[in-house]
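Dropping work-v4.cif in here (mmCIF, C-alpha atoms):
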data_my_file
loop_
_atom_site.label_atom_id
_atom_site.label_comp_id
_atom_site.auth_asym_id
_atom_site.auth_seq_id
_atom_site.Cartn_x
_atom_site.Cartn_y
_atom_site.Cartn_z
CA MET A 1 189.17 140.73 -32.78
CA ARG A 2 192.95 140.87 -32.64
CA SER A 3 194.28 137.75 -30.93
CA TYR A 4 193.98 133.99 -31.15
CA SER A 5 192.93 133.82 -27.50
CA GLU A 6 189.90 135.98 -28.31
CA LEU A 7 188.94 133.54 -31.04
CA PHE A 8 188.89 130.55 -28.73
CA ARG A 9 186.94 132.47 -26.11
CA THR A 10 184.22 133.03 -28.69
CA ARG A 11 181.33 130.63 -28.21
CA GLU A 12 181.06 127.91 -30.90
CA PHE A 13 184.43 128.67 -32.47
CA THR A 14 186.19 125.79 -30.68
CA PRO A 15 183.73 123.02 -31.65
CA LEU A 16 183.64 124.26 -35.24
CA PHE A 17 187.44 124.34 -35.25
CA LEU A 18 187.78 120.84 -33.77
CA SER A 19 185.24 119.37 -36.18
CA SER A 20 187.14 120.85 -39.11
CA CYS A 21 190.40 119.54 -37.66
CA PHE A 22 189.03 115.99 -37.64
CA ARG A 23 187.73 116.38 -41.19
CA THR A 24 190.98 117.79 -42.54
CA THR A 25 193.03 115.02 -40.97
CA ALA A 26 190.61 112.43 -42.30
CA SER A 27 190.77 113.91 -45.79
CA THR A 28 194.58 113.94 -45.72
CA VAL A 29 194.95 110.39 -44.47
CA SER A 30 192.30 108.99 -46.81
CA GLY A 31 193.65 110.91 -49.82
CA LEU A 32 197.14 109.45 -49.45
CA ALA A 33 195.77 105.96 -48.80
CA LEU A 34 193.42 106.13 -51.77
CA GLY A 35 196.10 107.54 -54.09
CA THR A 36 198.44 104.71 -53.08
CA LEU A 37 195.68 102.14 -53.56
CA VAL A 38 194.82 103.39 -57.05
CA TYR A 39 198.46 103.69 -58.09
CA ARG A 40 199.15 100.10 -57.02
CA ALA A 41 196.08 98.89 -58.90
CA THR A 42 196.59 100.86 -62.12
CA GLY A 43 200.13 102.27 -62.25
CA SER A 44 198.61 105.39 -63.83
CA PRO A 45 199.72 108.90 -62.75
CA LEU A 46 196.50 110.28 -64.26
CA LEU A 47 194.17 108.00 -62.30
CA THR A 48 196.23 108.49 -59.14
CA ALA A 49 195.97 112.28 -59.42
CA LEU A 50 192.25 112.04 -60.16
CA SER A 51 191.65 109.77 -57.15
CA MET A 52 193.16 112.42 -54.85
CA PHE A 53 191.82 115.59 -56.47
CA GLY A 54 189.34 114.53 -59.16
CA PRO A 55 186.20 114.60 -56.98
CA SER A 56 186.53 118.37 -56.89
CA LEU A 57 185.72 118.40 -60.61
CA VAL A 58 182.03 117.83 -59.88
CA GLN A 59 181.91 120.82 -57.56
CA VAL A 60 181.39 123.07 -60.56
CA ILE A 61 178.11 121.21 -61.08
CA GLY A 62 177.17 121.82 -57.47
CA ALA A 63 178.18 125.48 -57.71
CA ALA A 64 175.77 125.88 -60.62
CA THR A 65 172.86 123.95 -59.09
CA LEU A 66 173.09 123.42 -55.33
CA LEU A 67 174.98 126.41 -53.92
CA SER A 68 171.85 128.34 -52.90
CA ALA A 69 171.52 125.69 -50.17
CA ALA A 70 174.56 127.18 -48.38
CA ASP A 71 172.46 130.00 -46.88
CA ARG A 72 169.15 128.08 -46.69
CA LEU A 73 170.03 124.97 -44.65
CA PRO A 74 170.44 124.85 -40.84
CA PRO A 75 174.23 125.13 -40.35
CA ARG A 76 174.71 122.71 -37.44
CA ALA A 77 172.80 119.83 -39.01
CA THR A 78 174.43 120.40 -42.39
CA VAL A 79 178.03 120.54 -41.10
CA ALA A 80 177.48 117.39 -39.03
CA GLY A 81 175.56 115.60 -41.79
CA ILE A 82 178.21 116.18 -44.45
CA ALA A 83 180.94 114.83 -42.15
CA PHE A 84 178.80 111.76 -41.44
CA LEU A 85 178.26 111.10 -45.16
CA PHE A 86 181.99 111.39 -45.82
CA GLY A 87 182.62 108.85 -43.06
CA LEU A 88 180.24 106.37 -44.64
CA GLY A 89 181.64 106.96 -48.13
CA THR A 90 185.26 106.55 -47.00
CA ALA A 91 184.41 103.32 -45.18
CA ALA A 92 182.72 102.00 -48.33
CA MET A 93 185.89 102.66 -50.36
CA ALA A 94 187.77 100.29 -48.06
CA ILE A 95 185.63 97.30 -49.10
CA PRO A 96 188.01 94.61 -50.48
CA GLY A 97 187.67 93.99 -54.19
CA LEU A 98 185.72 97.20 -54.82
CA PRO A 99 186.32 98.10 -58.49
CA VAL A 100 188.23 101.30 -59.25
CA ALA A 101 185.18 102.56 -61.17
CA ALA A 102 183.03 102.20 -58.03
CA VAL A 103 185.64 104.07 -56.00
CA PHE A 104 185.47 106.97 -58.45
CA ALA A 105 181.66 106.91 -58.38
CA LEU A 106 181.73 107.32 -54.60
CA LEU A 107 184.30 110.10 -54.85
CA LEU A 108 182.20 112.02 -57.35
CA LEU A 109 179.09 111.70 -55.18
CA LEU A 110 180.96 113.02 -52.15
CA GLY A 111 182.37 115.86 -54.23
CA LEU A 112 178.83 116.88 -55.21
CA VAL A 113 177.78 116.93 -51.55
CA GLN A 114 180.81 119.01 -50.63
CA SER A 115 180.04 121.59 -53.34
CA PHE A 116 177.85 123.54 -50.90
CA GLY A 117 179.49 122.30 -47.69
CA GLY A 118 182.25 124.91 -47.81
CA GLY A 119 179.67 127.67 -48.11
CA VAL A 120 177.80 126.41 -45.04
CA LEU A 121 181.03 126.18 -43.02
CA TRP A 122 182.51 129.57 -43.93
CA GLY A 123 179.17 131.33 -43.82
CA LEU A 124 178.75 130.01 -40.28
CA LEU A 125 182.22 131.31 -39.42
CA THR A 126 181.20 134.84 -40.49
CA GLU A 127 178.22 134.58 -38.13
CA ILE A 128 180.27 133.30 -35.18
CA LEU A 129 183.07 135.87 -35.59
CA ALA A 130 181.43 138.59 -37.73
CA LYS A 131 183.19 139.77 -40.86
CA GLU A 132 185.75 141.78 -38.91
CA GLY A 133 187.08 138.59 -37.33
CA TYR A 134 186.88 136.42 -40.44
CA LEU A 135 190.49 136.84 -41.61
CA LEU A 136 191.99 135.95 -38.23
CA GLY A 137 189.60 133.03 -37.83
CA ARG A 138 190.20 131.75 -41.34
CA SER A 139 193.97 132.02 -40.82
CA VAL A 140 193.63 129.78 -37.76
CA PHE A 141 191.65 127.28 -39.82
CA ASN A 142 194.33 127.39 -42.50
CA MET A 143 197.09 126.90 -39.95
CA MET A 144 195.16 124.00 -38.49
CA SER A 145 194.86 122.61 -42.00
CA GLY A 146 198.61 122.84 -42.43
CA ILE A 147 199.31 121.10 -39.12
CA ALA A 148 196.65 118.47 -39.76
CA GLN A 149 198.08 117.81 -43.20
CA ILE A 150 201.61 117.50 -41.85
CA ALA A 151 200.42 115.04 -39.21
CA GLY A 152 198.00 113.37 -41.60
CA TYR A 153 200.46 112.77 -44.40
CA ALA A 154 203.19 111.64 -42.01
CA THR A 155 200.81 109.36 -40.12
CA GLY A 156 199.10 108.22 -43.31
CA GLY A 157 202.41 107.27 -44.86
CA VAL A 158 203.31 105.20 -41.81
CA LEU A 159 199.86 103.58 -41.64
CA VAL A 160 199.87 102.69 -45.34
CA ALA A 161 203.31 101.10 -44.92
CA LEU A 162 202.58 99.26 -41.67
CA LEU A 163 198.95 98.31 -42.23
CA SER A 164 197.39 98.73 -45.66
CA PRO A 165 195.64 101.43 -47.69
CA ARG A 166 192.25 99.90 -46.88
CA ALA A 167 192.89 99.80 -43.12
CA THR A 168 194.02 103.44 -43.32
CA LEU A 169 190.77 104.35 -45.07
CA LEU A 170 188.79 102.82 -42.20
CA LEU A 171 190.71 104.91 -39.68
CA ALA A 172 189.99 108.02 -41.76
CA ALA A 173 186.29 107.11 -41.76
CA GLY A 174 186.41 107.08 -37.97
CA LEU A 175 187.86 110.60 -37.97
CA TYR A 176 185.02 111.80 -40.18
CA LEU A 177 182.50 110.36 -37.74
CA ALA A 178 184.30 112.13 -34.87
CA ALA A 179 183.93 115.38 -36.83
CA ALA A 180 180.20 114.79 -37.20
CA LEU A 181 179.79 114.09 -33.49
CA THR A 182 181.79 117.18 -32.47
CA ALA A 183 179.72 119.48 -34.68
CA GLY A 184 176.43 117.94 -33.63
CA LEU A 185 177.14 118.25 -29.90
CA GLY A 186 179.16 121.46 -29.84
CA LEU A 187 177.34 123.85 -32.17
CA THR A 188 174.17 125.76 -31.37
CA PRO A 189 171.12 125.38 -33.61
CA ARG A 190 170.84 128.41 -35.88
CA ALA A 191 168.29 129.52 -38.42
CA PRO A 192 169.45 129.67 -42.05
CA ARG A 193 170.73 133.07 -43.20
CA ALA A 194 168.10 133.24 -45.96
CA VAL A 195 164.59 131.87 -46.25
CA GLY A 196 163.12 129.94 -49.14
CA ARG A 197 163.89 126.59 -50.68
CA PRO A 198 167.20 126.04 -52.47
CA SER A 199 166.82 125.93 -56.23
CA VAL A 200 168.85 126.06 -59.41
CA ALA A 201 167.26 129.39 -60.35
CA ARG A 202 168.24 131.00 -57.03
CA THR A 203 171.76 129.63 -57.39
CA TRP A 204 172.14 131.15 -60.84
CA ARG A 205 170.73 134.52 -59.78
CA ALA A 206 173.04 134.74 -56.79
CA ASN A 207 176.04 133.76 -58.94
CA ALA A 208 175.12 136.45 -61.45
CA ARG A 209 174.81 139.01 -58.67
CA LEU A 210 178.22 138.13 -57.29
CA PHE A 211 179.84 138.23 -60.72
CA SER A 212 178.28 141.61 -61.53
CA SER A 213 181.20 143.28 -59.75
CA PRO A 214 184.40 143.36 -61.87
CA GLU A 215 186.61 143.33 -58.77
CA ARG A 216 184.82 140.31 -57.33
CA ARG A 217 185.25 138.53 -60.67
CA THR A 218 188.99 139.20 -60.64
CA LEU A 219 189.30 138.06 -57.02
CA TYR A 220 187.47 134.82 -57.77
CA LEU A 221 189.77 134.10 -60.70
CA LEU A 222 192.85 134.78 -58.58
CA LEU A 223 191.50 132.52 -55.84
CA TRP A 224 190.74 129.73 -58.30
CA VAL A 225 193.22 129.52 -61.15
CA PRO A 226 196.84 130.16 -60.01
CA ASN A 227 196.36 128.11 -56.82
CA GLY A 228 194.63 125.33 -58.70
CA LEU A 229 197.44 125.01 -61.22
CA VAL A 230 199.95 124.64 -58.38
CA VAL A 231 197.80 121.94 -56.79
CA GLY A 232 198.24 120.18 -60.14
CA CYS A 233 201.94 120.08 -59.29
CA GLU A 234 201.15 118.60 -55.88
CA SER A 235 198.93 115.94 -57.43
CA LEU A 236 202.05 114.46 -59.05
CA TYR A 237 203.95 113.90 -55.79
CA VAL A 238 203.04 110.20 -55.75
CA ALA A 239 204.17 109.74 -59.35
CA TYR A 240 207.33 111.82 -58.73
CA ALA A 241 208.41 109.94 -55.59
CA PRO A 242 206.15 106.89 -55.06
CA SER A 243 207.77 105.76 -51.82
CA ARG A 244 208.41 109.25 -50.38
CA ALA A 245 205.31 111.20 -51.43
CA GLY A 246 204.28 111.63 -47.79
CA VAL A 247 207.47 113.62 -47.17
CA LEU A 248 206.67 116.03 -50.02
CA PHE A 249 203.08 116.47 -48.86
CA ALA A 250 204.18 117.06 -45.26
CA PHE A 251 206.74 119.72 -46.19
CA ALA A 252 204.25 121.44 -48.49
CA ALA A 253 201.81 121.57 -45.58
CA LEU A 254 204.56 122.97 -43.33
CA GLY A 255 205.19 125.77 -45.83
CA MET A 256 201.48 126.55 -46.02
CA PHE A 257 201.36 126.76 -42.23
CA ALA A 258 204.24 129.25 -42.18
CA GLY A 259 202.60 131.37 -44.87
CA ASP A 260 199.28 131.47 -43.04
CA VAL A 261 200.88 132.46 -39.71
CA THR A 262 202.78 135.25 -41.44
CA THR A 263 199.78 136.50 -43.38
CA GLY A 264 197.07 136.18 -40.75
CA ARG A 265 198.95 137.28 -37.63
CA LEU A 266 202.26 138.99 -38.36
CA LEU A 267 201.74 141.27 -41.35
CA PRO A 268 200.13 144.69 -40.75
CA PRO A 269 196.99 145.21 -42.87
CA ARG A 270 198.52 147.89 -45.13
CA ILE A 271 201.48 145.69 -46.01
CA ARG A 272 199.37 142.53 -46.27
CA ALA A 273 197.06 144.08 -48.85
CA ARG A 274 200.00 144.64 -51.20
CA LEU A 275 201.40 141.11 -51.08
CA GLY A 276 198.64 139.10 -52.76
CA ILE A 277 200.29 139.01 -56.18
CA PRO A 278 203.88 138.49 -54.88
CA PHE A 279 202.64 135.55 -52.79
CA LEU A 280 200.97 134.00 -55.83
CA LEU A 281 204.25 134.26 -57.74
CA LEU A 282 206.08 132.65 -54.81
CA LEU A 283 203.51 129.85 -54.89
CA ALA A 284 204.52 128.74 -58.38
CA THR A 285 208.14 129.77 -58.93
CA PRO A 286 209.90 126.99 -56.91
CA TYR A 287 208.18 124.32 -59.00
CA LEU A 288 210.00 125.59 -62.08
CA PHE A 289 213.12 123.93 -60.63
CA PHE A 290 211.52 120.48 -60.65
CA PHE A 291 212.57 120.33 -64.30
CA LEU A 292 216.02 119.51 -62.88
CA ARG A 293 214.53 116.47 -61.10
CA PRO A 294 215.93 117.22 -57.62
CA GLY A 295 216.19 114.55 -54.95
CA VAL A 296 213.54 114.18 -52.29
CA ALA A 297 215.29 116.48 -49.77
CA VAL A 298 215.62 119.38 -52.22
CA ALA A 299 212.17 118.74 -53.66
CA ALA A 300 210.66 118.88 -50.16
CA ALA A 301 212.41 122.21 -49.46
CA LEU A 302 211.10 123.64 -52.75
CA ALA A 303 207.58 122.42 -51.96
CA ALA A 304 207.70 124.07 -48.51
CA LEU A 305 208.94 127.38 -49.96
CA ALA A 306 206.28 127.38 -52.65
CA SER A 307 203.42 126.55 -50.28
CA ALA A 308 204.14 129.62 -48.16
CA GLY A 309 202.59 131.45 -51.11
CA PHE A 310 199.18 129.99 -50.28
CA GLY A 311 198.95 132.93 -47.86
CA ALA A 312 197.78 134.89 -50.91
CA SER A 313 194.40 133.23 -50.53
CA LEU A 314 193.83 134.87 -47.13
CA ILE A 315 194.62 138.30 -48.58
CA GLN A 316 192.18 137.86 -51.44
CA GLN A 317 189.50 136.39 -49.18
CA GLU A 318 189.74 139.36 -46.84
CA ARG A 319 189.00 141.69 -49.72
CA LEU A 320 186.24 139.44 -51.06
CA VAL A 321 184.48 139.29 -47.67
CA ALA A 322 184.48 143.09 -47.56
CA LEU A 323 182.70 143.18 -50.93
CA ILE A 324 179.91 140.62 -50.45
CA PRO A 325 176.40 141.26 -49.05
CA ASP A 326 175.71 139.68 -45.67
CA GLU A 327 172.79 137.59 -46.92
CA LEU A 328 175.05 135.98 -49.54
CA SER A 329 177.99 135.24 -47.23
CA GLY A 330 177.64 131.48 -47.37
CA HIS A 331 176.89 131.45 -51.09
CA ALA A 332 179.81 133.74 -51.95
CA LEU A 333 182.34 131.85 -49.84
CA GLY A 334 180.92 128.55 -51.06
CA LEU A 335 181.40 129.75 -54.64
CA HIS A 336 185.01 130.51 -53.78
CA THR A 337 185.50 127.04 -52.28
CA ALA A 338 183.67 125.19 -55.05
CA GLY A 339 185.51 127.04 -57.80
CA MET A 340 188.84 126.55 -56.04
CA VAL A 341 188.53 122.81 -55.61
CA THR A 342 187.03 122.41 -59.09
CA MET A 343 190.08 124.09 -60.53
CA GLN A 344 192.23 121.83 -58.40
CA GLY A 345 190.51 118.81 -59.92
CA VAL A 346 190.88 120.20 -63.45
CA SER A 347 194.55 120.91 -62.79
CA ALA A 348 195.13 117.46 -61.32
CA ALA A 349 193.61 115.91 -64.43
CA LEU A 350 195.64 118.19 -66.69
CA ALA A 351 198.87 117.55 -64.79
CA GLY A 352 198.23 113.80 -64.78
CA GLY A 353 197.54 113.85 -68.51
CA ILE A 354 200.76 115.74 -69.21
CA ALA A 355 202.67 113.33 -66.96
CA GLN A 356 201.37 110.44 -69.08
CA LEU A 357 203.28 111.97 -72.02
CA VAL A 358 206.37 113.39 -70.30
CA ALA A 359 208.10 112.90 -66.94
CA PRO A 360 206.15 114.01 -63.82
CA ALA A 361 208.89 116.57 -63.07
CA THR A 362 208.44 118.17 -66.49
CA ALA A 363 204.68 118.27 -66.04
CA MET A 364 205.10 120.06 -62.70
CA THR A 365 207.27 122.70 -64.35
CA VAL A 366 204.67 123.25 -67.08
CA MET A 367 201.88 123.71 -64.52
CA ALA A 368 203.97 126.18 -62.50
CA ALA A 369 204.74 128.25 -65.60
CA ALA A 370 201.02 128.38 -66.42
CA SER A 371 200.24 129.59 -62.88
CA ILE A 372 202.76 132.42 -63.16
CA ALA A 373 201.35 133.45 -66.55
CA VAL A 374 197.77 133.62 -65.22
CA THR A 375 198.82 135.64 -62.16
CA LEU A 376 200.66 138.19 -64.28
CA ALA A 377 197.72 138.45 -66.68
CA LEU A 378 195.17 139.15 -63.89
CA ALA A 379 197.30 141.45 -61.72
CA PRO A 380 196.78 144.71 -63.70
CA ALA A 381 192.98 144.44 -63.51
CA LEU A 382 193.11 143.88 -59.75
CA PHE A 383 195.33 146.91 -59.20
CA ARG A 384 193.02 149.12 -61.28
CA ARG A 385 189.92 147.99 -59.39
CA ARG A 386 191.50 148.49 -55.98
CA ALA A 387 192.61 151.98 -56.91
CA ALA A 388 189.00 152.79 -57.83
CA SER A 389 187.40 151.05 -54.81
CA PRO A 390 189.29 151.29 -51.48
CA VAL A 391 189.09 148.53 -48.87
CA GLY A 392 185.98 148.86 -46.77
CA GLN A 393 183.85 150.39 -49.52
CA ARG A 394 180.95 148.14 -50.48
CA THR A 395 179.87 147.76 -54.06
CA GLU A 396 176.21 147.25 -53.12
CA PRO A 397 174.05 147.49 -50.00
CA SER A 398 173.46 144.45 -47.84
CA ALA A 399 170.37 143.28 -46.01
CA PRO A 400 170.18 143.57 -42.21
CA ARG A 401 171.96 140.96 -40.11
CA GLY A 402 170.02 138.00 -38.72
CA ARG A 403 167.59 135.75 -40.53
CA GLN A 404 167.54 137.13 -44.06
CA SER A 405 164.55 137.72 -46.26
CA GLU A 406 164.66 136.16 -49.68
CA VAL A 407 166.27 138.82 -51.84
CA ASN A 408 166.15 136.75 -55.01
CA SER A 409 162.62 135.46 -54.96
CA PRO A 410 161.32 134.00 -58.21
#
This entry written out as structure tokens:
Amino acid sequence: MRSYSELFRTREFTPLFLSSCFRTTASTVSGLALGTLVYRATGSPLLTALSMFGPSLVQVIGAATLLSAADRLPPRATVAGIAFLFGLGTAAMAIPGLPVAAVFALLLLLGLVQSFGGGVLWGLLTEILAKEGYLLGRSVFNMMSGIAQIAGYATGGVLVALLSPRATLLLAAGLYLAAALTAGLGLTPRAPRAVGRPSVARTWRANARLFSSPERRTLYLLLWVPNGLVVGCESLYVAYAPSRAGVLFAFAALGMFAGDVTTGRLLPPRIRARLGIPFLLLLATPYLFFFLRPGVAVAAALAALASAGFGASLIQQERLVALIPDELSGHALGLHTAGMVTMQGVSAALAGGIAQLVAPATAMTVMAAASIAVTLALAPALFRRRAASPVGQRTEPSAPRGRQSEVNSP
């Protein structure tokens, strides 16, 4: 699969894409509205950052207990059901007078549900497109995410200013419900990729199997930690520029879009494979200049430049997909998603805590420096593993395609 037109001619890709588009826009709009609501109520950079990214903290719990469900639940019903639950939860957060503690309780519950949702979604994508088409398909999803975030943050900023944060949350809830309806009507019923009931024991065994490969371990760390630390920088946009945070978020999304187009469509595979580490360094380096406290225009340009480095994630995912067994596709990609967003929540909390002690701009510089240090520390191990295991070589056999037998039975 070599072109975007081929993707959209593939049955089920379009409804899955549209459902995700609605969800991403809803998440963007509701995140900005909720962050504004919490900041107005508390004046705390820490609580504001946690309201936008903190729910991802609980995904580590889900990754350790619930992730085996990613390959053992019917994909259509699960994708639609999760979107529906997010719609209800977002609408509940708009209730006037709802205490901040109750808002956080709802966020944590939704984060737990989402801990296996990413695995269901991306595992389904590997079935619709096959592994050979995953990178191109995922790049389209990432580009959509960038566009949806640009539109979402711009629209969300206008809605928050013209209406109110609570009214904006209700509109976001409607988008979540549209996502549920699109998935429910547009996707075909499919059997789960693996049989058996989800359990904590199966989750742990599958995690251990995935982490048994040193190269997979390194890829997971690169997908989780450097990116997460940079998201800690982004979590301080509201505290850095309270009235113009939407501009920073929109330009960051624009940069991510440009990076994904370049990585997924324009770069030849041989060149792309060599740019994972340079892109991660690009992701963090511009935030070092926030120590100078630039104005909104310069800060937005720096955010856009940095976010082009998120293209590194596509490069590392392409390699990871080549190394995972078919019957663990959903679990492995769900582990990537859960670990990534958990690290984003940890980084948001860390960045918010630092910003409580120093200026938000200084905290952003500290987080960027930490991201660069982690990337440089992990790079040598990745290069050694790739030299020993060329792309396309599997580290273990996989089960036949189709409905999978339970390979990790108790």
- Query: Quick one: residues within 7 Å of segment 172-188 of chain A, all atoms listed in the file counted, chain neighbours fewer than 5 positions away excluded, as a PyMOL selection string?
  - Reply: chain A and resi 12+15-16+19-20+22-23+26+29-30+76-77+79-81+83-84+86-88+90-91
Could those selected residues go to a file with C-alpha atoms, as an mmCIF file, in the coordinates of the input?
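Saved the output as result27.cif:
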data_model
loop_
_atom_site.group_PDB
_atom_site.id
_atom_site.type_symbol
_atom_site.label_atom_id
_atom_site.label_comp_id
_atom_site.auth_asym_id
_atom_site.auth_seq_id
_atom_site.Cartn_x
_atom_site.Cartn_y
_atom_site.Cartn_z
ATOM 1 C CA GLU A 12 181.060 127.910 -30.900
ATOM 2 C CA PRO A 15 183.730 123.020 -31.650
ATOM 3 C CA LEU A 16 183.640 124.260 -35.240
ATOM 4 C CA SER A 19 185.240 119.370 -36.180
ATOM 5 C CA SER A 20 187.140 120.850 -39.110
ATOM 6 C CA PHE A 22 189.030 115.990 -37.640
ATOM 7 C CA ARG A 23 187.730 116.380 -41.190
ATOM 8 C CA ALA A 26 190.610 112.430 -42.300
ATOM 9 C CA VAL A 29 194.950 110.390 -44.470
ATOM 10 C CA SER A 30 192.300 108.990 -46.810
ATOM 11 C CA ARG A 76 174.710 122.710 -37.440
ATOM 12 C CA ALA A 77 172.800 119.830 -39.010
ATOM 13 C CA VAL A 79 178.030 120.540 -41.100
ATOM 14 C CA ALA A 80 177.480 117.390 -39.030
ATOM 15 C CA GLY A 81 175.560 115.600 -41.790
ATOM 16 C CA ALA A 83 180.940 114.830 -42.150
ATOM 17 C CA PHE A 84 178.800 111.760 -41.440
ATOM 18 C CA PHE A 86 181.990 111.390 -45.820
ATOM 19 C CA GLY A 87 182.620 108.850 -43.060
ATOM 20 C CA LEU A 88 180.240 106.370 -44.640
ATOM 21 C CA THR A 90 185.260 106.550 -47.000
ATOM 22 C CA ALA A 91 184.410 103.320 -45.180
#
- For Leu135 of chain A, which of A:Thr25, A:Ser68, A:Gln316, A:Thr365 is the closest residue, counting only C-alpha atoms? A:Gln316
- Any chance you could resolve the PyMOL selection byres ((chain A and resi 368) around 6) against this file and give the residues as number ranges by chain? A: 230, 284, 287, 365-367, 369-371
- Task: Name every residue that the PyMOL selection byres ((chain A and resi 108) around 12) selects in this structure, writing the answer as a count of residues only with chains first and numbers rising.
- Result: 31
- Query: For Tyr4 of chain A, which residue among A:Pro278, A:Gly118, A:Gly35, A:Gly264 is the nearest when counting all atoms listed in the file?
  - Reply: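 Selected residue with least distance to Tyr4 of chain A: A:Gly264.
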- Message: Taking the file as I've supplied it (selection: the PyMOL selection byres ((chain A and resi 149) around 8)), which residues are included? Please answer as an MDAnalysis selection string.
- Response: chainID A and resid 24:25 28 145:148 150:153 249:250 253
- How many Å lie between atom CA of Thr48 of chain A and atom CA of Ala92 of chain A, rounded to one decimal? 18.5 Å
- Closest to Gly295 of chain A among A:Arg244, A:Arg384, A:Arg205, A:Arg319, using only C-alpha atoms?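 Among A:Arg244, A:Arg384, A:Arg205, A:Arg319, it is A:Arg244 that comes nearest to Gly295 of chain A.
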- Choose the residue, out of A:Thr10, A:Ser199, A:Thr218, A:Thr263, that has the smallest atom-to-atom separation from Phe310 of chain A; count all atoms listed in the file.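 Closest residue, counting all atoms listed in the file: A:Thr263.
The coordinates place atom CA of Val296 of chain A at 8.0 Å from atom CA of Val247 of chain A.
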- Item | Between atom CA of Ala303 of chain A and atom CA of Leu254 of chain A - distance in Å to one decimal |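 Atom-to-atom, atom CA of Leu254 of chain A and atom CA of Ala303 of chain A are spaced 9.2 Å apart.
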- Message: My list of candidates is A:Gly137, A:Ile354, A:Thr262, A:Gly334. Which is closest to Ala64 of chain A when distances are computed with all atoms listed in the file?
- Response: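 Smallest distance to Ala64 of chain A is found for A:Gly334.
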Using all atoms listed in the file, which protein or nucleic acid residues come within 12 Å of Leu221 of chain A? Drop anything in the same chain fewer than 3 positions from it, and give the result as a compact mmCIF listing (two decimals) with C-alpha atoms, keeping the file's coordinate frame.
# COMPACT_ATOMS: atom_id res chain seq x y z
CA PHE A 211 179.84 138.23 -60.72
CA PRO A 214 184.40 143.36 -61.87
CA GLU A 215 186.61 143.33 -58.77
CA ARG A 216 184.82 140.31 -57.33
CA ARG A 217 185.25 138.53 -60.67
CA THR A 218 188.99 139.20 -60.64
CA TRP A 224 190.74 129.73 -58.30
CA VAL A 225 193.22 129.52 -61.15
CA PRO A 226 196.84 130.16 -60.01
CA ASN A 227 196.36 128.11 -56.82
CA GLY A 228 194.63 125.33 -58.70
CA LEU A 229 197.44 125.01 -61.22
CA SER A 313 194.40 133.23 -50.53
CA GLN A 316 192.18 137.86 -51.44
CA GLN A 317 189.50 136.39 -49.18
CA LEU A 320 186.24 139.44 -51.06
CA LEU A 335 181.40 129.75 -54.64
CA HIS A 336 185.01 130.51 -53.78
CA THR A 337 185.50 127.04 -52.28
CA GLY A 339 185.51 127.04 -57.80
CA MET A 340 188.84 126.55 -56.04
CA MET A 343 190.08 124.09 -60.53
CA SER A 371 200.24 129.59 -62.88
CA VAL A 374 197.77 133.62 -65.22
CA THR A 375 198.82 135.64 -62.16
CA ALA A 377 197.72 138.45 -66.68
CA LEU A 378 195.17 139.15 -63.89
CA ALA A 379 197.30 141.45 -61.72
CA ALA A 381 192.98 144.44 -63.51
CA LEU A 382 193.11 143.88 -59.75
